[in-house]
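Trainee: Below: one structure in structure tokens.
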Amino acid sequence: MLVKPTGPKNAKIVIIGEAPGPEEIRTGIPFTGTSGELLNRSLVLSGLVREEIYLTNVIKVRPPDNKLDRLGELGHTIEEFYPILYKELREVRPNVIIALGATPLQALTGQTSITKYRGSVMEWEGIKVIPAIHPAACLRQWQWVYLLQFDLKRARKESEFPEIRRDERVYVINPSFEEIISEIERMQSTSTHICVDLETYMRSGIFKCIGLANSPHRSICIPLVKGMVRVWSHMQERAIWEKLYLLLSTKKIIAQNAQFEMVQLSPYVGSKLNIWMDTMRAHGLLYPEFPHGLDFLTSIYTDLIYYKDDGKQGFGKNENESQYDMLQIYNGKDCCSTFEIAMKEEKELKEMKMFEFYHEFDVPLMTLLWEMQMRGMRVDTSRLESIKIETLNKITQLQNELDEKVGFPLNVKSTTQMKNFLYNTLKLPKKFNKKTNKVTADAGAIEQLYKKYPREELKLITGIRENRTLYETFLQPVLDQKGRIHTSYGLTSTGRLSSGSDIFGSGANLQNQPKLIRDIYIPDEGKVLVKGDLSQAEARIVAWLAEEPLLKKAFKEGKSIHKFVCSLIFGIPEGEVSKESEEYQLSKNMVHASNYDVSPRTFALHVGIPEKRAKEIMSSVDRTFSNIRGVFHAEIQNQLRTSRTLTNPFGRRRTFLNRWGGDLFREAYAFIPQSTVGDVINRGAVRLRKCLPEGAEILLQVHDELVIQCYPKDVDEVITLFKREVEQPIMIKGDHLIIPLDIGIGTNWKHTVDVEKWKGGQ
């Protein structure tokens with residue numbers, strides 16, 4: 001059955017889908033199924049009226065199982081429907097066409113990636129085309145609903161006039177030496193804000209070109225290396241850098257992912273780069289749930305068509321002039337778009353009351369993180385090699401034991417062999433991946449099986465896998481020439497920091513290093529480490545948010561919270577609670593599970609107890625600390641119903657875009673505690689940076705922990721400053737909360753002791 005288009009023939013907007021679904025076949029009307037209902041709601045929220053829109057599909061028949069690659073089974077190809085579509089569009093001649101999905105995008109523009117081109121104002125035969133994500137895809141990834149609505153709003157504005165209107169932009173490429181000097185001098189004398197963007201041979205520090213812009217409408221690309229050959233004489237390049245140094249060290253600098261520019265430019269301008277706006281970080285603060293890449297930001301804040309694939313040009317040794325020109329234009333577009341984005345983000349920061357948060361806290365934090373990245377941390381390479389040998393020997397030993405136990409060589413990294421062994425040889429019940437619903441033999445499945453069936457083979461398999469992961473993931477760090485490891489810090493949607501290798505490929509994620517190997521990380525010669533951990537920080541914040549009297553009282557009295565909870569739940573006197581007991585270990589996990597509404601099943605699997613017992617324990621926790629659910633969880637849900645936006649005590653905001661339900665709630669319960677902890681430790685770090693004694697330096701941030709190195713003579717002063725700057729009161733619901741620091745001193749990251757023991761050992 002053919003599904004014919006609907007809507008007025010003089011419509012200003014045409015919406016094109018891919019192919020009809022089963023409900024459309026039944027009704028004969030486009031967009032009448034579940035995705036059609038979502039489209040209807042999105043149209044209303046975007047200020048559009050469906051009855052005023054012409055709706056059609058590229059393909060007029062339903063492919064088998066809605067799969068376009070099976071269209072041939074019906075004797076059709078996608079391309080044979082193009083003439084019908086083109087005839088419809090020429091008859092309507094709208095002001096704008098909304099291409100929902102990759103199929104209409106390709107039919108009208110020849111492009112295939114809807115996630116790249118969505119939001120761009122393109123054209124077909126002089127008619128504006130705005131690609132948007134299909135509602136059916138939005139149903140699978142709910143955050144995309146908001147992108148669909150944004151693109152519909154853009155289409156509504158574009159429908160008011162037929163012509164294509166774009167900002168005029170000038171990209172100066174291949175300038176002469178004199179033009180470069182003149183342009184930099186012009187910017188120096190007339191501008192307060194400068195956007196800078198670098199194109200480099202990755203991981204080399206060699207600049208191909210440098211782009212500058214002092215407005216969204218004009219940029220200059222300064223070529224430096226072409227085909228691995230320097231463009232300028234030594235004297236000319238020196239003169240260019242002298243001018244650049246003066247410009248970049250005296251103006252307010254704009255950049256996308258500014259840490260890249262800060263690291264790359266540090267040999268030329270040192271710490272003089274005054275970052276005013278990092279568009280990536282600012283967007284992460286404004287809209288944590290969305291992507292923050294320049295391609296996405298450009299689609300939201302500018303009228304530029306997607307161009308990021310152009311940046312792949314001009315990086316080979318034998319690139320031609322055309323490729324290098326394309327790279328320069330790409331660089332110029334980056335500069336102009338980033339400048340425009342920065343100014344619009346600045347306005348949004350003010351509107352959302354996050355201006356001070358960004359400029360007074362996040363920008364100084366970014367500078368501190370750059371310093372930490374550049375400094376790196378010393379590695380005890382002899383200890384590293386020793387652990388490597390120990391780990392390889394352990395793997396060999398465990399593998400021999402496993403092979404002897406099962407009677408044949410078993411490769412624990414082979415998915416096929418592991419499935420066969422677990423479910424055919426051992427006859428254990430099959431475990432399934434929740435996302436794919438396929439049989440799995442991953443680490444989680446083996447852990448669950450071992451807790452229920454504690455067989456020696458499973459213990460050996462787990463041991464081999466853990467040691468292999470340790471060796472392959474954590475014992476092969478890429479160090480610099482001085483034997484130091486570097487990490488590059490980023491932001492997560494909760495406001496906590498993430499980390500990974502730096503832009504040169506050196507280093508690693510230092511925030512997930514196993515405690516087992518942390519003794520390889522040591523201070524510089526003649527110094528010691530001072531480590532500060534916020535004590536049970538998230539649990540304290542939840543107690544204050546829930547206004548839970550028993551927990552608040554226990555924290556204020558300095559009790560061991562896990563012993564206290566254990567005593568109440570299991571009826572054991574506090575003085576008799578042993579840290580080695582099962583009840584104590586359950587209590588440690590219960591606090592987290594209760595705070596963030598972990599299901600009894602998940603809790604049972606995590607701690608290795610029957611689900612029935614988990615339910616009983618968690619019910620007891622709910623009765624004992626009823627405000628966790630009755631106040632904390634209830635207030636979070638009410639706020640989500642009102643605005644879907646939560647704000648932590650420091651003013652950090654997050655709007656939650658996920659589908660309504662349990663997963664959304666659990667994300668929201670975690671946001672304020674986790675983001676507050678991150679802000680507490682990072683604000684303290686920013687303040688500490690300004691007052692530490694000479695030679696004392698912050699080396700690491702690990703969520704609720706800071707690691708500083710200093711001379712032994714300065715330990716007392718550093719501890720005093722540490723506590724003063726981090727242990728500052730937070731106002732939560734009219735009551736001050738101070739999260740105490742546990743301080744340790746040592747000669748490596750793993751082994752630290754309190755100050756009295758350390759002094760006693762000197």
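Identifiers for the structure tokens are assigned positionally: chains receive A, B, ... in sequence, residues are indexed from 1 per chain, and ligands are indexed from 1 in the order shown.
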Produce a table with one row for each residue of region 125-191 of chain A that has an atom at most 6 Å from any atom of region 112-121 of chain A, each row naming the nearest atom pair and its distance in Å at one decimal; use only C-alpha atoms; arrange rows by chain and rising residue number; format as a Markdown table.

Mentor:
```
| residue | atom | partner | partner_atom | distance |
| --- | --- | --- | --- | --- |
| A:Val129 | CA | A:Val121 | CA | 5.8 |
| A:Ile130 | CA | A:Val121 | CA | 5.0 |
| A:Pro131 | CA | A:Arg118 | CA | 4.5 |
| A:Ala132 | CA | A:Arg118 | CA | 4.7 |
| A:Asp151 | CA | A:Gly119 | CA | 5.4 |
```

Trainee: For the selection you just gave me, I'd like the residues written to a file as an mmCIF file, in the first residue's frame, keeping N, CA and C atoms.

Mentor:
```cif
data_model
loop_
_atom_site.group_PDB
_atom_site.id
_atom_site.type_symbol
_atom_site.label_atom_id
_atom_site.label_comp_id
_atom_site.auth_asym_id
_atom_site.auth_seq_id
_atom_site.Cartn_x
_atom_site.Cartn_y
_atom_site.Cartn_z
ATOM 1 N N VAL A 129 17.154 23.462 3.209
ATOM 2 C CA VAL A 129 16.963 22.122 3.777
ATOM 3 C C VAL A 129 17.604 22.095 5.158
ATOM 4 N N ILE A 130 16.824 21.727 6.162
ATOM 5 C CA ILE A 130 17.359 21.585 7.525
ATOM 6 C C ILE A 130 17.235 20.123 7.936
ATOM 7 N N PRO A 131 18.335 19.383 7.995
ATOM 8 C CA PRO A 131 18.281 17.997 8.461
ATOM 9 C C PRO A 131 17.987 17.952 9.961
ATOM 10 N N ALA A 132 17.254 16.949 10.374
ATOM 11 C CA ALA A 132 16.951 16.748 11.794
ATOM 12 C C ALA A 132 16.864 15.255 12.063
ATOM 13 N N ASP A 151 15.935 22.009 16.215
ATOM 14 C CA ASP A 151 16.000 22.121 14.754
ATOM 15 C C ASP A 151 14.646 22.509 14.168
#
```

Trainee: Give me the residues within 7 Å of Val58 (chain A) as a ChimeraX atom specification, counting only C-alpha atoms and dropping any in the same chain fewer than 4 places off.

Mentor: /A:16-19,81-82,85,104

Trainee: Could you tell me, as a ChimeraX atom specification, which residues of region 63-269 of chain A DSSP assigns to strand (DSSP E) when given the backbone?

Mentor: /A:96-100,122-124,127-132,170-172,193-201,206-213,218-223,225-226,229-230,252-255

Trainee: Which neighbours of Pro267 (chain A) fall inside 12 Å, counting only C-alpha atoms, when residues of the same chain fewer than 3 positions from it are skipped, and could you give them as a list in words?

Mentor: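 So the residues in contact are Gly205, Ile206, Trp241, Tyr245, Glu261, Met262, Val263, Gln264, Gly270, Ser271, Lys272, Leu273 and Met374 of chain A.
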
Trainee: When you look at region 348-365 of chain A with a cut-off of 8 Å (counting only C-alpha atoms), what residues show up, excluding the ones that are within fewer than 4 positions of it in the same chain? I need them as a list in words.

Mentor: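 Answer for this query is Ile275, Trp276, Met277, Ala282, Leu285, Leu286, Lys344, Leu369, Phe650, Gly651, Arg652, Asn682, Arg683, Ala685 and Val686 of chain A.
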
Trainee: Could you list, as number ranges by chain, every residue within 10 Å of Thr302 (chain A), counting only C-alpha atoms and ignoring same-chain residues fewer than 4 positions away?

Mentor: A: 119-120, 166-167, 216, 297-298, 336-338, 340-341, 344

Trainee: To one decimal place, how far is CA of Glu401 (chain A) from CA of Leu458 (chain A) in Å?

Mentor: 11.8 Å

Trainee: Which residues are close to region 526-541 of chain A, i.e. within 9 Å by only C-alpha atoms, leaving aside same-chain residues fewer than 6 positions away? Reply as an NGL selection string.

Mentor: :A and (551-552 or 555 or 561 or 591-592 or 595 or 670 or 672-674 or 676-677 or 681 or 695-696 or 704-712 or 715 or 718-719 or 722-723 or 726-727 or 732 or 737 or 739-749 or 752)

Trainee: List every residue of region 556-684 of chain A that DSSP, applied to the backbone of this structure, assigns to alpha helix (DSSP H), and report them as JSON, numbers by chain.

Mentor: {"A": [556, 561, 562, 563, 564, 565, 566, 567, 568, 569, 570, 582, 583, 584, 585, 586, 587, 588, 589, 590, 591, 592, 593, 594, 595, 600, 601, 602, 603, 604, 605, 606, 607, 611, 612, 613, 614, 615, 616, 617, 618, 619, 620, 621, 622, 623, 624, 626, 627, 634, 635, 636, 637, 638, 639, 640, 641, 642, 662, 663, 664, 665, 666, 667, 668, 669, 670, 671, 672, 673, 674, 675, 676, 677, 678, 679, 680, 681, 682, 683, 684]}

Trainee: Can you pull out the residues contacting Lys9 (chain A)? Cut-off 10 Å, using only C-alpha atoms, and skip same-chain residues under 6 positions away; I want them as a PDB file with all heavy atoms, in the first residue's frame.

Mentor:
```pdb
ATOM      1  N   GLU A  52      -0.550  22.956   8.928  1.00  0.00           N
ATOM      2  CA  GLU A  52       0.000  23.938   7.988  1.00  0.00           C
ATOM      3  C   GLU A  52       1.244  23.416   7.274  1.00  0.00           C
ATOM      4  O   GLU A  52       1.868  24.131   6.490  1.00  0.00           O
ATOM      5  CB  GLU A  52       0.338  25.235   8.733  1.00  0.00           C
ATOM      6  CG  GLU A  52      -0.885  25.923   9.341  1.00  0.00           C
ATOM      7  CD  GLU A  52      -0.507  27.143  10.158  1.00  0.00           C
ATOM      8  OE1 GLU A  52       0.717  27.403  10.300  1.00  0.00           O
ATOM      9  OE2 GLU A  52      -1.408  27.837  10.655  1.00  0.00           O
ATOM     10  N   ILE A  53       1.602  22.156   7.567  1.00  0.00           N
ATOM     11  CA  ILE A  53       2.837  21.567   7.045  1.00  0.00           C
ATOM     12  C   ILE A  53       2.499  20.451   6.053  1.00  0.00           C
ATOM     13  O   ILE A  53       1.559  19.677   6.246  1.00  0.00           O
ATOM     14  CB  ILE A  53       3.699  21.010   8.200  1.00  0.00           C
ATOM     15  CG1 ILE A  53       4.093  22.146   9.158  1.00  0.00           C
ATOM     16  CG2 ILE A  53       4.932  20.289   7.675  1.00  0.00           C
ATOM     17  CD1 ILE A  53       4.728  21.667  10.450  1.00  0.00           C
ATOM     18  N   TYR A  54       3.289  20.381   4.998  1.00  0.00           N
ATOM     19  CA  TYR A  54       3.170  19.302   4.014  1.00  0.00           C
ATOM     20  C   TYR A  54       4.090  18.167   4.474  1.00  0.00           C
ATOM     21  O   TYR A  54       5.296  18.359   4.661  1.00  0.00           O
ATOM     22  CB  TYR A  54       3.588  19.812   2.642  1.00  0.00           C
ATOM     23  CG  TYR A  54       3.402  18.843   1.499  1.00  0.00           C
ATOM     24  CD1 TYR A  54       2.226  18.841   0.756  1.00  0.00           C
ATOM     25  CD2 TYR A  54       4.409  17.952   1.148  1.00  0.00           C
ATOM     26  CE1 TYR A  54       2.055  17.974  -0.321  1.00  0.00           C
ATOM     27  CE2 TYR A  54       4.257  17.072   0.088  1.00  0.00           C
ATOM     28  CZ  TYR A  54       3.068  17.098  -0.644  1.00  0.00           C
ATOM     29  OH  TYR A  54       2.911  16.235  -1.699  1.00  0.00           O
ATOM     30  N   GLU A  88       7.026  16.378  -6.009  1.00  0.00           N
ATOM     31  CA  GLU A  88       6.222  16.949  -4.915  1.00  0.00           C
ATOM     32  C   GLU A  88       6.808  18.285  -4.450  1.00  0.00           C
ATOM     33  O   GLU A  88       6.084  19.280  -4.278  1.00  0.00           O
ATOM     34  CB  GLU A  88       6.197  15.993  -3.721  1.00  0.00           C
ATOM     35  CG  GLU A  88       5.425  14.712  -3.906  1.00  0.00           C
ATOM     36  CD  GLU A  88       5.533  13.840  -2.662  1.00  0.00           C
ATOM     37  OE1 GLU A  88       5.066  14.275  -1.592  1.00  0.00           O
ATOM     38  OE2 GLU A  88       6.107  12.742  -2.747  1.00  0.00           O
ATOM     39  N   LEU A  89       8.127  18.309  -4.250  1.00  0.00           N
ATOM     40  CA  LEU A  89       8.779  19.505  -3.709  1.00  0.00           C
ATOM     41  C   LEU A  89       8.692  20.671  -4.691  1.00  0.00           C
ATOM     42  O   LEU A  89       8.529  21.828  -4.284  1.00  0.00           O
ATOM     43  CB  LEU A  89      10.238  19.197  -3.369  1.00  0.00           C
ATOM     44  CG  LEU A  89      10.452  18.164  -2.247  1.00  0.00           C
ATOM     45  CD1 LEU A  89      11.933  17.876  -2.055  1.00  0.00           C
ATOM     46  CD2 LEU A  89       9.845  18.644  -0.939  1.00  0.00           C
ATOM     47  N   GLU A  91       6.328  21.169  -6.798  1.00  0.00           N
ATOM     48  CA  GLU A  91       4.953  21.653  -6.814  1.00  0.00           C
ATOM     49  C   GLU A  91       4.651  22.528  -5.603  1.00  0.00           C
ATOM     50  O   GLU A  91       3.975  23.552  -5.714  1.00  0.00           O
ATOM     51  CB  GLU A  91       3.986  20.460  -6.843  1.00  0.00           C
ATOM     52  CG  GLU A  91       3.958  19.720  -8.169  1.00  0.00           C
ATOM     53  CD  GLU A  91       3.053  18.499  -8.123  1.00  0.00           C
ATOM     54  OE1 GLU A  91       2.535  18.179  -7.023  1.00  0.00           O
ATOM     55  OE2 GLU A  91       2.861  17.860  -9.181  1.00  0.00           O
ATOM     56  N   VAL A  92       5.147  22.129  -4.431  1.00  0.00           N
ATOM     57  CA  VAL A  92       4.883  22.898  -3.198  1.00  0.00           C
ATOM     58  C   VAL A  92       5.776  24.120  -3.130  1.00  0.00           C
ATOM     59  O   VAL A  92       5.352  25.212  -2.760  1.00  0.00           O
ATOM     60  CB  VAL A  92       5.084  22.002  -1.951  1.00  0.00           C
ATOM     61  CG1 VAL A  92       4.846  22.807  -0.673  1.00  0.00           C
ATOM     62  CG2 VAL A  92       4.166  20.786  -2.004  1.00  0.00           C
ATOM     63  N   ARG A  93       7.035  23.936  -3.464  1.00  0.00           N
ATOM     64  CA  ARG A  93       8.046  25.002  -3.417  1.00  0.00           C
ATOM     65  C   ARG A  93       8.013  25.736  -2.068  1.00  0.00           C
ATOM     66  O   ARG A  93       7.742  26.940  -1.978  1.00  0.00           O
ATOM     67  CB  ARG A  93       7.804  25.989  -4.561  1.00  0.00           C
ATOM     68  CG  ARG A  93       9.005  26.881  -4.905  1.00  0.00           C
ATOM     69  CD  ARG A  93      10.082  26.091  -5.589  1.00  0.00           C
ATOM     70  NE  ARG A  93      11.340  26.830  -5.639  1.00  0.00           N
ATOM     71  CZ  ARG A  93      12.491  26.314  -6.056  1.00  0.00           C
ATOM     72  NH1 ARG A  93      12.547  25.057  -6.466  1.00  0.00           N
ATOM     73  NH2 ARG A  93      13.595  27.028  -6.065  1.00  0.00           N
ATOM     74  N   PRO A  94       8.308  25.026  -0.960  1.00  0.00           N
ATOM     75  CA  PRO A  94       8.236  25.649   0.368  1.00  0.00           C
ATOM     76  C   PRO A  94       9.431  26.561   0.612  1.00  0.00           C
ATOM     77  O   PRO A  94      10.376  26.612  -0.187  1.00  0.00           O
ATOM     78  CB  PRO A  94       8.291  24.444   1.300  1.00  0.00           C
ATOM     79  CG  PRO A  94       9.162  23.473   0.565  1.00  0.00           C
ATOM     80  CD  PRO A  94       8.780  23.635  -0.892  1.00  0.00           C
TER      81      PRO A  94
END
```

Trainee: In Å to one decimal, how far is CA of Lys750 (chain A) from CA of Leu516 (chain A)?

Mentor: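 Rounded to one decimal, the two atoms are 7.6 Å apart.
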
Trainee: With distances taken over only C-alpha atoms, which of A:Ala342, A:Val379, A:Ile628, A:Ala155 is nearest to Asp524 (chain A)?

Mentor: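 Among A:Ala342, A:Val379, A:Ile628, A:Ala155, it is A:Val379 that comes nearest to Asp524 (chain A).
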
Trainee: Report the distance between CA of Gly483 (chain A) and CA of Leu198 (chain A) in Å, rounded to one decimal place.

Mentor: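 CA of Leu198 (chain A) lies 27.9 Å from CA of Gly483 (chain A).
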
Trainee: Rank nothing, just name the residue among A:Leu147, A:Met366, A:Lys482, A:Gly75 nearest to Ser299 (chain A), using only C-alpha atoms.

Mentor: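 Nearest to Ser299 (chain A): A:Leu147.
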
Trainee: Of the candidates A:Pro649, A:Gly227, A:Pro162, A:Gly684, which shows the shortest atom-to-atom distance to Gly734 (chain A), using only C-alpha atoms?

Mentor: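 Of A:Pro649, A:Gly227, A:Pro162, A:Gly684, the one nearest Gly734 (chain A), counting only C-alpha atoms, is A:Pro649.
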
Trainee: Which is closest to Glu237 (chain A) among A:Phe625, A:Phe31, A:Trp142, A:Phe177, if we use only C-alpha atoms?

Mentor: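 Distance minimum relative to Glu237 (chain A) lands on A:Phe177.
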
Trainee: With only C-alpha atoms as the basis for distance, which of A:Thr250, A:Thr469, A:Thr642, A:Asn658 is at the shortest distance from Tyr146 (chain A)?

Mentor: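 Among the listed residues, the smallest separation from Tyr146 (chain A) belongs to A:Asn658.
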